[in-house]
>>> print(open('query.cif').read())   # mmCIF, C-alpha atoms and all ligand atoms
data_entry
loop_
_atom_site.label_atom_id
_atom_site.label_comp_id
_atom_site.auth_asym_id
_atom_site.auth_seq_id
_atom_site.Cartn_x
_atom_site.Cartn_y
_atom_site.Cartn_z
CA MET A 687 -48.66 -29.96 133.93
CA ALA A 688 -51.63 -31.97 132.58
CA LEU A 689 -51.25 -35.66 131.71
CA ALA A 690 -52.20 -36.96 128.26
CA THR A 691 -54.50 -39.68 129.68
CA PRO A 692 -56.77 -38.70 132.57
CA ARG A 693 -55.82 -40.59 135.69
CA VAL A 694 -57.77 -41.62 138.76
CA PHE A 695 -56.53 -42.78 142.12
CA SER A 696 -58.66 -44.04 144.98
CA GLY A 697 -58.03 -46.08 148.09
CA ILE A 698 -59.83 -48.20 150.64
CA GLN A 699 -58.72 -49.18 154.13
CA PRO A 700 -58.41 -52.86 155.04
CA SER A 701 -59.94 -52.00 158.41
CA GLY A 702 -62.74 -54.52 157.95
CA GLU A 703 -64.83 -56.16 155.24
CA LEU A 704 -65.80 -54.29 152.06
CA HIS A 705 -69.39 -53.19 152.75
CA ILE A 706 -72.26 -51.93 150.63
CA GLY A 707 -71.53 -48.32 151.74
CA ASN A 708 -68.00 -48.55 150.34
CA PHE A 709 -69.37 -50.25 147.25
CA LEU A 710 -72.17 -47.81 146.46
CA GLY A 711 -70.19 -44.73 147.51
CA ALA A 712 -66.95 -45.55 145.72
CA VAL A 713 -66.11 -49.02 144.40
CA GLN A 714 -69.06 -49.29 142.00
CA ALA A 715 -67.79 -46.10 140.34
CA TRP A 716 -64.24 -47.53 140.21
CA VAL A 717 -65.54 -50.51 138.24
CA GLU A 718 -67.12 -48.23 135.65
CA ILE A 719 -64.29 -45.67 135.56
CA GLN A 720 -61.50 -48.20 135.08
CA HIS A 721 -62.41 -48.49 131.39
CA ARG A 722 -62.23 -44.74 130.77
CA TYR A 723 -59.31 -43.57 132.91
CA GLU A 724 -55.84 -44.81 133.70
CA SER A 725 -56.81 -46.18 137.10
CA TYR A 726 -54.88 -46.83 140.33
CA PHE A 727 -56.79 -48.52 143.15
CA CYS A 728 -55.03 -49.06 146.43
CA VAL A 729 -55.65 -51.03 149.62
CA VAL A 730 -54.38 -48.40 152.04
CA ASP A 731 -52.93 -50.41 154.92
CA TYR A 732 -50.78 -47.53 156.23
CA HIS A 733 -54.04 -45.66 156.87
CA ALA A 734 -55.54 -48.64 158.67
CA ILE A 735 -52.77 -48.64 161.32
CA THR A 736 -53.71 -45.14 162.53
CA VAL A 737 -56.19 -46.81 164.91
CA PRO A 738 -55.57 -49.86 167.16
CA TYR A 739 -55.36 -53.13 165.18
CA VAL A 740 -54.16 -56.74 165.40
CA PRO A 741 -51.11 -57.35 163.10
CA PRO A 742 -51.95 -60.89 161.82
CA GLU A 743 -55.52 -59.73 161.13
CA LEU A 744 -54.31 -56.77 159.09
CA ARG A 745 -52.55 -59.02 156.59
CA SER A 746 -55.56 -61.28 156.14
CA ARG A 747 -57.91 -58.28 155.89
CA THR A 748 -55.69 -56.76 153.22
CA HIS A 749 -55.87 -60.03 151.30
CA GLU A 750 -59.64 -60.26 151.78
CA MET A 751 -60.09 -56.66 150.67
CA ALA A 752 -58.23 -57.43 147.45
CA ILE A 753 -60.49 -60.47 146.86
CA SER A 754 -63.58 -58.34 147.47
CA LEU A 755 -62.42 -55.63 145.07
CA LEU A 756 -61.72 -58.18 142.35
CA ALA A 757 -65.09 -59.84 143.03
CA ALA A 758 -66.80 -56.44 142.82
CA GLY A 759 -65.43 -56.06 139.30
CA ILE A 760 -62.00 -54.42 139.46
CA ASP A 761 -60.24 -55.83 136.41
CA PRO A 762 -56.44 -56.05 136.78
CA SER A 763 -56.04 -56.18 133.01
CA VAL A 764 -57.21 -52.55 132.79
CA ALA A 765 -56.64 -51.13 136.31
CA THR A 766 -53.68 -51.21 138.68
CA LEU A 767 -54.59 -52.76 142.04
CA PHE A 768 -51.96 -52.72 144.77
CA VAL A 769 -51.24 -52.43 148.49
CA GLN A 770 -50.00 -49.08 149.79
CA SER A 771 -47.17 -50.38 151.99
CA ALA A 772 -45.63 -52.16 148.97
CA VAL A 773 -44.85 -48.74 147.46
CA PRO A 774 -42.68 -46.85 149.98
CA GLU A 775 -42.85 -43.59 148.00
CA HIS A 776 -46.31 -42.99 149.56
CA THR A 777 -44.83 -42.37 153.00
CA GLU A 778 -41.83 -40.53 151.61
CA LEU A 779 -44.01 -37.99 149.82
CA ALA A 780 -46.25 -37.78 152.89
CA TRP A 781 -43.29 -36.58 154.97
CA ILE A 782 -42.53 -33.93 152.37
CA PHE A 783 -46.16 -32.75 152.43
CA ASN A 784 -46.14 -32.71 156.24
CA THR A 785 -43.63 -29.86 156.04
CA ILE A 786 -46.06 -27.60 154.12
CA THR A 787 -49.41 -28.60 155.67
CA PRO A 788 -50.84 -26.19 158.27
CA LEU A 789 -51.56 -27.90 161.59
CA GLY A 790 -54.83 -26.00 161.96
CA GLU A 791 -56.20 -27.54 158.74
CA LEU A 792 -55.51 -31.04 160.10
CA GLU A 793 -57.15 -30.29 163.43
CA ARG A 794 -60.28 -29.07 161.62
CA GLN A 795 -60.88 -32.36 159.73
CA THR A 796 -64.20 -33.90 160.77
CA GLN A 797 -62.98 -37.49 160.41
CA PHE A 798 -60.03 -36.73 162.73
CA LYS A 799 -62.34 -35.22 165.35
CA ASP A 800 -64.73 -38.21 165.12
CA LYS A 801 -62.04 -40.88 165.29
CA ALA A 802 -59.92 -39.05 167.90
CA GLN A 803 -62.78 -38.93 170.37
CA ARG A 804 -63.05 -42.73 170.16
CA GLN A 805 -59.35 -43.14 171.18
CA GLU A 806 -57.87 -42.95 174.66
CA SER A 807 -54.57 -41.71 173.28
CA VAL A 808 -54.53 -40.03 169.88
CA PRO A 809 -51.56 -40.99 167.65
CA ALA A 810 -50.02 -38.30 165.42
CA GLY A 811 -50.71 -40.62 162.47
CA LEU A 812 -54.45 -40.11 162.92
CA LEU A 813 -53.97 -36.35 162.67
CA ASN A 814 -51.66 -36.69 159.66
CA TYR A 815 -53.91 -39.22 157.87
CA PRO A 816 -55.09 -36.65 155.25
CA VAL A 817 -51.45 -35.75 154.46
CA LEU A 818 -50.74 -39.37 153.59
CA GLN A 819 -53.96 -39.38 151.56
CA ALA A 820 -52.74 -36.31 149.64
CA ALA A 821 -49.47 -38.15 148.97
CA ASP A 822 -51.38 -41.26 147.79
CA ILE A 823 -53.26 -39.23 145.20
CA LEU A 824 -50.58 -36.76 144.11
CA LEU A 825 -47.87 -39.42 143.78
CA TYR A 826 -49.81 -40.54 140.68
CA ARG A 827 -50.64 -36.94 139.77
CA ALA A 828 -54.26 -38.09 139.51
CA ASP A 829 -56.82 -35.65 138.06
CA SER A 830 -59.85 -37.25 139.71
CA VAL A 831 -60.66 -39.24 142.82
CA PRO A 832 -63.86 -41.29 143.00
CA VAL A 833 -64.90 -41.18 146.68
CA GLY A 834 -67.91 -41.07 148.98
CA GLU A 835 -69.06 -37.77 150.47
CA ASP A 836 -67.20 -38.38 153.74
CA GLN A 837 -63.90 -37.92 151.89
CA VAL A 838 -64.70 -34.58 150.24
CA GLN A 839 -63.13 -32.55 153.05
CA HIS A 840 -59.92 -34.59 152.85
CA LEU A 841 -59.82 -34.09 149.11
CA GLU A 842 -60.17 -30.34 149.54
CA LEU A 843 -57.08 -30.52 151.74
CA THR A 844 -55.26 -32.49 149.03
CA ARG A 845 -56.03 -29.67 146.61
CA GLU A 846 -54.74 -27.16 149.15
CA ILE A 847 -51.52 -29.15 149.63
CA ALA A 848 -51.00 -29.33 145.84
CA ARG A 849 -51.57 -25.56 145.58
CA ARG A 850 -49.13 -24.80 148.41
CA TRP A 851 -46.42 -27.09 147.08
CA ASN A 852 -46.78 -25.71 143.55
CA ALA A 853 -46.73 -22.11 144.79
CA ARG A 854 -43.56 -22.74 146.79
CA PHE A 855 -41.57 -24.91 144.36
CA THR A 856 -42.99 -24.63 140.82
CA PRO A 857 -44.85 -21.31 140.71
CA ASP A 858 -44.56 -20.89 136.94
CA THR A 859 -45.56 -24.39 135.77
CA PRO A 860 -47.56 -26.16 138.51
CA PHE A 861 -46.20 -29.70 138.93
CA PHE A 862 -49.14 -31.27 140.77
CA PRO A 863 -52.73 -31.17 139.47
CA GLU A 864 -55.54 -30.17 141.85
CA PRO A 865 -57.59 -33.37 141.75
CA LYS A 866 -61.37 -33.24 141.87
CA ALA A 867 -63.80 -35.58 143.63
CA LEU A 868 -66.01 -37.81 141.51
CA LEU A 869 -69.12 -38.43 143.61
CA THR A 870 -71.68 -41.15 142.96
CA PRO A 871 -75.45 -40.61 143.45
CA ALA A 872 -75.17 -42.78 146.61
CA ARG A 873 -72.76 -40.39 148.31
CA ARG A 874 -73.45 -41.45 151.88
CA ILE A 875 -75.02 -44.76 152.84
CA MET A 876 -76.31 -44.96 156.39
CA GLY A 877 -75.82 -47.99 158.63
CA LEU A 878 -78.80 -50.30 159.14
CA ASP A 879 -79.24 -48.81 162.62
CA GLY A 880 -80.09 -45.55 160.83
CA GLN A 881 -77.87 -43.69 163.34
CA ALA A 882 -74.60 -43.08 161.54
CA LYS A 883 -72.80 -43.55 158.23
CA MET A 884 -72.26 -47.21 157.40
CA SER A 885 -68.71 -47.73 158.60
CA LYS A 886 -66.37 -50.68 159.05
CA SER A 887 -65.30 -49.45 162.46
CA LEU A 888 -68.87 -48.94 163.72
CA GLY A 889 -70.03 -52.55 163.11
CA ASN A 890 -73.21 -51.39 161.33
CA THR A 891 -72.33 -52.77 157.91
CA VAL A 892 -73.62 -55.28 155.37
CA GLY A 893 -70.60 -57.00 153.85
CA LEU A 894 -70.46 -57.35 150.09
CA LEU A 895 -69.62 -61.05 150.35
CA GLU A 896 -71.91 -62.02 153.23
CA SER A 897 -74.19 -65.02 152.67
CA PRO A 898 -77.88 -64.45 151.82
CA ASP A 899 -78.83 -65.62 155.33
CA GLU A 900 -76.43 -63.16 156.94
CA VAL A 901 -77.68 -60.30 154.76
CA TRP A 902 -81.32 -61.07 155.56
CA ALA A 903 -80.57 -61.40 159.29
CA LYS A 904 -79.24 -57.82 159.20
CA LEU A 905 -81.91 -56.43 156.90
CA ARG A 906 -84.89 -57.86 158.80
CA PRO A 907 -84.49 -55.75 161.98
CA ALA A 908 -83.13 -52.67 160.13
CA VAL A 909 -84.53 -49.28 161.16
CA THR A 910 -87.24 -47.80 158.86
CA ASP A 911 -89.51 -44.72 159.09
CA PRO A 912 -89.91 -44.34 162.90
CA LYS A 913 -93.49 -43.06 162.41
CA ARG A 914 -94.59 -46.42 160.96
CA VAL A 915 -95.34 -48.04 164.28
CA ARG A 916 -98.22 -50.28 163.10
CA ARG A 917 -98.47 -52.17 159.81
CA THR A 918 -101.38 -49.89 158.79
CA ASP A 919 -99.50 -46.60 159.41
CA PRO A 920 -98.64 -44.85 156.12
CA GLY A 921 -94.94 -44.06 155.77
CA THR A 922 -92.66 -41.40 154.28
CA PRO A 923 -90.17 -43.16 151.98
CA GLU A 924 -87.73 -40.23 151.89
CA VAL A 925 -86.94 -40.57 155.62
CA CYS A 926 -86.39 -44.33 155.38
CA ASN A 927 -82.91 -45.81 154.95
CA ILE A 928 -84.38 -48.92 153.30
CA TYR A 929 -86.01 -46.77 150.61
CA HIS A 930 -82.63 -45.19 149.80
CA LEU A 931 -81.09 -48.64 149.47
CA HIS A 932 -83.88 -49.57 147.02
CA LYS A 933 -82.69 -46.67 144.85
CA ALA A 934 -79.22 -48.19 144.78
CA PHE A 935 -80.21 -51.80 144.14
CA ASN A 936 -83.55 -51.78 142.28
CA PRO A 937 -84.72 -50.35 138.95
CA GLU A 938 -86.69 -47.09 138.91
CA SER A 939 -90.03 -48.85 138.33
CA THR A 940 -89.55 -50.90 141.53
CA VAL A 941 -88.47 -47.80 143.47
CA GLU A 942 -91.68 -46.02 142.41
CA MET A 943 -93.78 -49.00 143.42
CA VAL A 944 -91.99 -49.19 146.79
CA ALA A 945 -92.67 -45.49 147.43
CA GLY A 946 -96.36 -45.89 146.57
CA GLN A 947 -96.80 -48.99 148.73
CA CYS A 948 -95.08 -47.23 151.65
CA ARG A 949 -97.17 -44.02 151.43
CA THR A 950 -100.46 -45.98 151.28
CA ALA A 951 -99.41 -48.65 153.81
CA GLY A 952 -100.08 -51.19 151.05
CA TRP A 953 -96.96 -53.02 152.17
CA GLY A 954 -95.55 -53.43 155.63
CA CYS A 955 -91.84 -52.69 156.18
CA LEU A 956 -91.03 -56.40 156.06
CA ASP A 957 -92.59 -56.74 152.57
CA CYS A 958 -90.51 -53.78 151.46
CA LYS A 959 -87.34 -55.34 152.89
CA LYS A 960 -88.02 -58.61 151.05
CA VAL A 961 -88.12 -56.74 147.73
CA LEU A 962 -84.90 -54.95 148.65
CA PHE A 963 -83.28 -58.26 149.56
CA GLU A 964 -84.17 -59.66 146.11
CA GLY A 965 -82.63 -56.60 144.43
CA MET A 966 -79.49 -56.89 146.54
CA GLU A 967 -79.17 -60.57 145.72
CA ARG A 968 -79.19 -59.77 141.99
CA SER A 969 -76.05 -57.65 142.54
CA LEU A 970 -74.36 -59.59 145.33
CA ALA A 971 -74.79 -63.22 144.19
CA PRO A 972 -72.50 -62.84 141.12
CA MET A 973 -69.86 -61.19 143.34
CA ARG A 974 -69.97 -64.10 145.79
CA ALA A 975 -69.49 -66.48 142.87
CA ARG A 976 -66.52 -64.48 141.56
CA ALA A 977 -64.97 -64.43 145.05
CA ALA A 978 -65.30 -68.22 145.28
CA ASP A 979 -63.59 -68.55 141.91
CA ILE A 980 -60.72 -66.24 142.97
CA ARG A 981 -60.25 -68.21 146.22
CA SER A 982 -59.98 -71.42 144.21
CA ARG A 983 -56.92 -70.06 142.34
CA PRO A 984 -53.92 -70.24 144.68
CA GLY A 985 -51.47 -67.35 144.31
CA HIS A 986 -53.80 -65.36 142.04
CA VAL A 987 -54.35 -62.44 144.42
CA GLU A 988 -50.64 -62.24 145.30
CA ALA A 989 -49.76 -62.15 141.59
CA VAL A 990 -52.28 -59.39 140.87
CA LEU A 991 -51.03 -57.30 143.80
CA GLY A 992 -47.38 -57.94 142.92
CA ASP A 993 -47.88 -56.78 139.33
CA GLY A 994 -49.94 -53.83 140.55
CA ALA A 995 -47.23 -52.71 142.99
CA ALA A 996 -44.56 -52.94 140.28
CA THR A 997 -46.64 -50.79 137.89
CA ALA A 998 -47.53 -48.28 140.60
CA ARG A 999 -43.94 -48.05 141.76
CA ARG A 1000 -42.68 -47.06 138.32
CA ILE A 1001 -44.92 -43.97 138.35
CA ALA A 1002 -44.30 -43.30 142.04
CA ARG A 1003 -40.52 -43.34 141.61
CA ASP A 1004 -40.67 -40.94 138.66
CA THR A 1005 -42.80 -38.46 140.60
CA LEU A 1006 -40.61 -38.64 143.67
CA ARG A 1007 -37.42 -38.28 141.66
CA ASP A 1008 -38.80 -35.05 140.13
CA VAL A 1009 -40.05 -33.77 143.49
CA LYS A 1010 -36.69 -34.39 145.22
CA GLU A 1011 -34.81 -32.82 142.35
CA ILE A 1012 -37.01 -29.71 142.46
CA MET A 1013 -36.74 -29.44 146.26
CA GLY A 1014 -32.97 -29.89 146.43
CA LEU A 1015 -33.13 -33.28 148.18
CA ALA A 1016 -30.78 -36.22 147.53
CA PRO A 1017 -31.73 -38.59 144.69
CA ASP A 1018 -32.85 -42.17 145.31
CA ALA A 1019 -29.61 -44.18 145.66
CA GLY A 1020 -31.20 -47.06 143.73
CA LEU A 1021 -31.77 -44.83 140.74
CA ARG A 1022 -28.35 -43.16 140.67
CA PRO A 1023 -26.00 -44.30 137.90
CA ARG A 1024 -23.13 -46.48 139.23
CA ALA A 1025 -19.90 -44.59 139.92
CA VAL A 1026 -17.20 -45.41 137.33
CA LYS A 1027 -13.91 -46.53 138.96
N1 LIG B 1101 -71.33 -45.14 154.28
C1 LIG B 1101 -70.72 -44.79 153.16
N2 LIG B 1101 -71.44 -44.30 152.13
C2 LIG B 1101 -70.83 -43.95 150.96
N3 LIG B 1101 -69.50 -44.06 150.75
C3 LIG B 1101 -68.75 -44.56 151.76
N4 LIG B 1101 -67.43 -44.80 151.87
C4 LIG B 1101 -67.17 -45.31 153.10
N5 LIG B 1101 -68.31 -45.40 153.81
C5 LIG B 1101 -69.31 -44.95 153.01
C6 LIG B 1101 -66.45 -44.58 150.81
O1 LIG B 1101 -65.73 -45.79 150.65
C7 LIG B 1101 -64.40 -45.49 150.27
C8 LIG B 1101 -63.42 -46.26 151.11
O2 LIG B 1101 -63.51 -45.83 152.44
P1 LIG B 1101 -62.30 -46.09 153.43
O3 LIG B 1101 -62.18 -47.50 153.72
O4 LIG B 1101 -61.07 -45.49 152.92
O5 LIG B 1101 -62.59 -45.26 154.70
P2 LIG B 1101 -63.87 -44.74 155.36
O6 LIG B 1101 -64.53 -43.68 154.56
O7 LIG B 1101 -63.47 -44.31 156.70
O8 LIG B 1101 -64.77 -46.07 155.35
P3 LIG B 1101 -65.35 -46.79 156.60
O9 LIG B 1101 -66.08 -48.00 156.18
O10 LIG B 1101 -66.11 -45.80 157.42
O11 LIG B 1101 -64.04 -47.31 157.35
P4 LIG B 1101 -63.55 -47.05 158.81
O12 LIG B 1101 -64.68 -47.40 159.72
O13 LIG B 1101 -62.36 -47.95 159.00
O14 LIG B 1101 -63.18 -45.61 158.92
C9 LIG B 1101 -64.22 -43.98 150.40
O15 LIG B 1101 -64.27 -43.39 149.13
C10 LIG B 1101 -65.40 -43.56 151.21
O16 LIG B 1101 -65.81 -42.26 150.88
#
>>> encode(input="query.cif", output="C-alpha cells", more="lines below")
Ligand code: AQP
Amino acid sequence: MALATPRVFSGIQPSGELHIGNFLGAVQAWVEIQHRYESYFCVVDYHAITVPYVPPELRSRTHEMAISLLAAGIDPSVATLFVQSAVPEHTELAWIFNTITPLGELERQTQFKDKAQRQESVPAGLLNYPVLQAADILLYRADSVPVGEDQVQHLELTREIARRWNARFTPDTPFFPEPKALLTPARRIMGLDGQAKMSKSLGNTVGLLESPDEVWAKLRPAVTDPKRVRRTDPGTPEVCNIYHLHKAFNPESTVEMVAGQCRTAGWGCLDCKKVLFEGMERSLAPMRARAADIRSRPGHVEAVLGDGAATARRIARDTLRDVKEIMGLAPDAGLRPRAVK
C-alpha cells in the first residue's frame, strides 16, 4: 500500500560524537531530503546499548547527538527528530519481526561479525540489531532510507523482512513497502588512519563540532599515499584518503588543482592538508556557531525531541494497531474504547 507523500526514515546511534563520516555518508543527505520527503530522523539509543556502555554517558551523548544533528541543519519545522526509546512501538514491532526473521540471515551480517569479534560475550541484541532496524524503518512505512554504504546489507534484510511479513499476513495487498537505500556520493569515508571505515567505536573520527585546533591536530598526521615518502615523490590522488575528503569539502576546481599538485609533487602532503582544512572550516564553522546558539537556549533540545516523539508516536501507534489486528494479537489497551458500565 503506497503512501501519498514519500517518506524517509533514518537513524544514528548515540555511541559517540557525530563525525564527518556520518555527516558525509548520511546526515548531509538528510538535510537536503527533509524538504522533499516526509522525514523521520531518529537517535537510536536502543541500538547503542547492544555493546558495552556507561548509562549516564548514554543520556548526555543522546542529547549531544541531537544538538549535532540540529547544528548540521536538521530543521524540526519540516522534519521529525526524536529518540528511539521514547517510542516503545519500535521494540514491540522488533519482537514481531524476530518471529519471522531467519537466524542464518542475522548470522551472515558483516556488521554483526565485525562487532561480535570485538566482544568477549556476544549479547543476543547485537545479533538482532538489524531486526530492530527493520522495525525502525517499517514502523513509519518509509519508502526510502538515506544511509552510508555500510548499512546497505542491513537494508536488504529489512526488505526481506517486509517481503516475508507481507507474504505471510497480507499476501494480496502488501502492507509494508520494501524501502530502498538512498546513497550519497561519499558512501564510505575512511578513518584518518586510512585503515578502516571512520567509526565512532574505532576512535578514528573527526567530530563535526570539534574546534579548528582539534581538527587540524587530527588532520596533520593523517595517512596519505604511502608511496609519497619524500616531499619530491609524485603521488596518486586516487589512493589517498585526504584527496577523497577534498572531493567532499572543496569545489571541483580545487579538487582538480589538488590532483595536479599531487601528481607532479608541486605540493607536499601538508600543503594539501592545509587546503582541505580550509574547505572543512567553510562547512564546519557555521555548524559550530549553530551548536553554540542551540546550547544557549535552555530546554530547546528537550522541546524539539518531545514534539518529535509525539509526532512519531502517532504514526507508530497506527502502524502497530494495524499489524496487531492483522496478526490476531490483542489491541493496545490505551487505544481501546472505555467499557460502558
Ligand atoms: N565512515 C562512514 N562513511 C560513510 N557513512 C557512514 N556512516 C557511518 N560511518 C560512515 C553512516 O552514518 C549513519 C549513522 O551511522 P550509525 O551511527 O547508525 O552507525 P554506524 O554505521 O555503525 O556508524 P559508526 O560511526 O561506525 O558507529 P559505531 O562505531 O558506533 O558502530 C549510517 O547511515 C551510516 O551508514
>>> residues_around(input="query.cif", residues="A:Leu704", least_positions_apart="3", cutoff="8 Å", atoms="only C-alpha atoms", output="ChimeraX atom specification")
/A:708-709,751,754-755,886,893-895
>>> residues_near_ligand(input="query.cif", ligand="ligand LIG 1101 (chain B)", cutoff="9 Å", atoms="all atoms listed in the file", output="ChimeraX atom specification")
/A:696-713,729-730,733-734,737,797,801,831-838,869-870,872-877,882-889,891
>>> closest_atom_pairs(input="query.cif", of="stretch 777-796 of chain A", to="stretch 1011-1017 of chain A", cutoff="12 Å", atoms="all atoms listed in the file", output="JSON lines")
{"residue": "A:Glu778", "atom": "CA", "partner": "A:Leu1015", "partner_atom": "CA", "distance": 11.8}
{"residue": "A:Leu779", "atom": "CA", "partner": "A:Met1013", "partner_atom": "CA", "distance": 11.8}
{"residue": "A:Ile782", "atom": "CA", "partner": "A:Met1013", "partner_atom": "CA", "distance": 9.5}
{"residue": "A:Phe783", "atom": "CA", "partner": "A:Met1013", "partner_atom": "CA", "distance": 11.7}
{"residue": "A:Thr785", "atom": "CA", "partner": "A:Met1013", "partner_atom": "CA", "distance": 12.0}
>>> closest_residue(input="query.cif", among="A:Trp851, A:Phe861, A:Phe727, A:Tyr815", to="A:Val694", atoms="only C-alpha atoms")
A:Phe727
>>> residues_around(input="query.cif", residues="A:Ser725", least_positions_apart="2", cutoff="7 Å", atoms="all atoms listed in the file", output="ChimeraX atom specification")
/A:693-695,720,723,727,765-766
>>> atom_distance(input="query.cif", atom1="atom CA of A:Pro912", atom2="atom CA of A:Glu924")
12.0 Å
>>> residues_around(input="query.cif", residues="A:Asn927", least_positions_apart="2", cutoff="7 Å", atoms="all atoms listed in the file", output="list in words")
Met876, Gly880, Thr910, Val925, Tyr929, His930 and Leu931 of chain A
>>> closest_residue(input="query.cif", among="A:Pro920, A:Gly790, A:Pro774, A:Pro907", to="A:Leu956", atoms="all atoms listed in the file")
A:Pro907
>>> closest_residue(input="query.cif", among="A:Gln805, A:Ser982, A:Thr859, A:Gln819", to="A:Glu842", atoms="all atoms listed in the file")
A:Gln819
>>> atom_distance(input="query.cif", atom1="atom CA of A:Arg916", atom2="atom CA of A:Glu967")
27.8 Å
>>> atom_distance(input="query.cif", atom1="atom CA of A:His986", atom2="atom CA of A:Pro741")
22.7 Å
>>> residues_around(input="query.cif", residues="A:Val764", least_positions_apart="4", cutoff="12 Å", atoms="only C-alpha atoms", output="PDB file with C-alpha atoms, keeping the file's coordinate frame")
ATOM      1  CA  TRP A 716     -64.240 -47.530 140.210  1.00  0.00           C
ATOM      2  CA  VAL A 717     -65.540 -50.510 138.240  1.00  0.00           C
ATOM      3  CA  GLU A 718     -67.120 -48.230 135.650  1.00  0.00           C
ATOM      4  CA  ILE A 719     -64.290 -45.670 135.560  1.00  0.00           C
ATOM      5  CA  GLN A 720     -61.500 -48.200 135.080  1.00  0.00           C
ATOM      6  CA  HIS A 721     -62.410 -48.490 131.390  1.00  0.00           C
ATOM      7  CA  ARG A 722     -62.230 -44.740 130.770  1.00  0.00           C
ATOM      8  CA  TYR A 723     -59.310 -43.570 132.910  1.00  0.00           C
ATOM      9  CA  GLU A 724     -55.840 -44.810 133.700  1.00  0.00           C
ATOM     10  CA  SER A 725     -56.810 -46.180 137.100  1.00  0.00           C
ATOM     11  CA  TYR A 726     -54.880 -46.830 140.330  1.00  0.00           C
ATOM     12  CA  PHE A 727     -56.790 -48.520 143.150  1.00  0.00           C
ATOM     13  CA  LEU A 756     -61.720 -58.180 142.350  1.00  0.00           C
ATOM     14  CA  GLY A 759     -65.430 -56.060 139.300  1.00  0.00           C
ATOM     15  CA  ILE A 760     -62.000 -54.420 139.460  1.00  0.00           C
ATOM     16  CA  VAL A 990     -52.280 -59.390 140.870  1.00  0.00           C
ATOM     17  CA  GLY A 994     -49.940 -53.830 140.550  1.00  0.00           C
ATOM     18  CA  THR A 997     -46.640 -50.790 137.890  1.00  0.00           C
TER      19      THR A 997
END
>>> residues_around(input="query.cif", residues="A:Ala945", least_positions_apart="6", cutoff="10 Å", atoms="all atoms listed in the file", output="ChimeraX atom specification")
/A:921-924,929,932,951,953,958
>>> write_last_selection(input="query.cif", atoms="C-alpha atoms", output="short mmCIF file (atom, residue, chain, number, x, y, z; two decimals), in the coordinates of the input")
data_model
loop_
_atom_site.label_atom_id
_atom_site.label_comp_id
_atom_site.auth_asym_id
_atom_site.auth_seq_id
_atom_site.Cartn_x
_atom_site.Cartn_y
_atom_site.Cartn_z
CA GLY A 921 -94.94 -44.06 155.77
CA THR A 922 -92.66 -41.40 154.28
CA PRO A 923 -90.17 -43.16 151.98
CA GLU A 924 -87.73 -40.23 151.89
CA TYR A 929 -86.01 -46.77 150.61
CA HIS A 932 -83.88 -49.57 147.02
CA ALA A 951 -99.41 -48.65 153.81
CA TRP A 953 -96.96 -53.02 152.17
CA CYS A 958 -90.51 -53.78 151.46
#
>>> closest_residue(input="query.cif", among="A:Gly811, A:Ala715, A:Ser939, A:Glu793", to="A:Ile735", atoms="all atoms listed in the file")
A:Gly811
>>> closest_residue(input="query.cif", among="A:Arg850, A:Val941, A:Cys948, A:Asn936", to="A:Arg914", atoms="all atoms listed in the file")
A:Cys948
>>> closest_residue(input="query.cif", among="A:Pro937, A:Gly992, A:Pro984, A:Pro860", to="A:Met966", atoms="all atoms listed in the file")
A:Pro937
>>> decode(input="query.cif", residues="stretch 786-794 of chain A", atoms="N, CA, C and O atoms", output="short mmCIF file (atom, residue, chain, number, x, y, z; two decimals), in the first residue's frame")
data_model
loop_
_atom_site.label_atom_id
_atom_site.label_comp_id
_atom_site.auth_asym_id
_atom_site.auth_seq_id
_atom_site.Cartn_x
_atom_site.Cartn_y
_atom_site.Cartn_z
N ILE A 786 9.78 -13.84 12.43
CA ILE A 786 9.78 -14.25 11.02
C ILE A 786 11.15 -14.09 10.36
O ILE A 786 11.30 -14.30 9.16
N THR A 787 12.15 -13.69 11.16
CA THR A 787 13.49 -13.46 10.57
C THR A 787 14.35 -14.72 10.71
O THR A 787 14.52 -15.23 11.82
N PRO A 788 14.89 -15.22 9.60
CA PRO A 788 15.74 -16.42 9.69
C PRO A 788 17.05 -16.12 10.43
O PRO A 788 17.71 -15.12 10.14
N LEU A 789 17.39 -17.00 11.37
CA LEU A 789 18.61 -16.83 12.16
C LEU A 789 19.85 -16.74 11.27
O LEU A 789 20.75 -15.93 11.50
N GLY A 790 19.86 -17.58 10.22
CA GLY A 790 21.04 -17.61 9.32
C GLY A 790 21.31 -16.25 8.70
O GLY A 790 22.47 -15.85 8.55
N GLU A 791 20.24 -15.51 8.36
CA GLU A 791 20.43 -14.18 7.75
C GLU A 791 21.12 -13.25 8.73
O GLU A 791 21.96 -12.44 8.36
N LEU A 792 20.74 -13.35 10.02
CA LEU A 792 21.34 -12.47 11.03
C LEU A 792 22.81 -12.82 11.23
O LEU A 792 23.65 -11.93 11.37
N GLU A 793 23.10 -14.10 11.24
CA GLU A 793 24.49 -14.53 11.46
C GLU A 793 25.40 -14.14 10.30
O GLU A 793 26.60 -14.04 10.45
N ARG A 794 24.81 -13.92 9.13
CA ARG A 794 25.61 -13.56 7.95
C ARG A 794 25.94 -12.06 7.88
O ARG A 794 26.76 -11.65 7.08
#
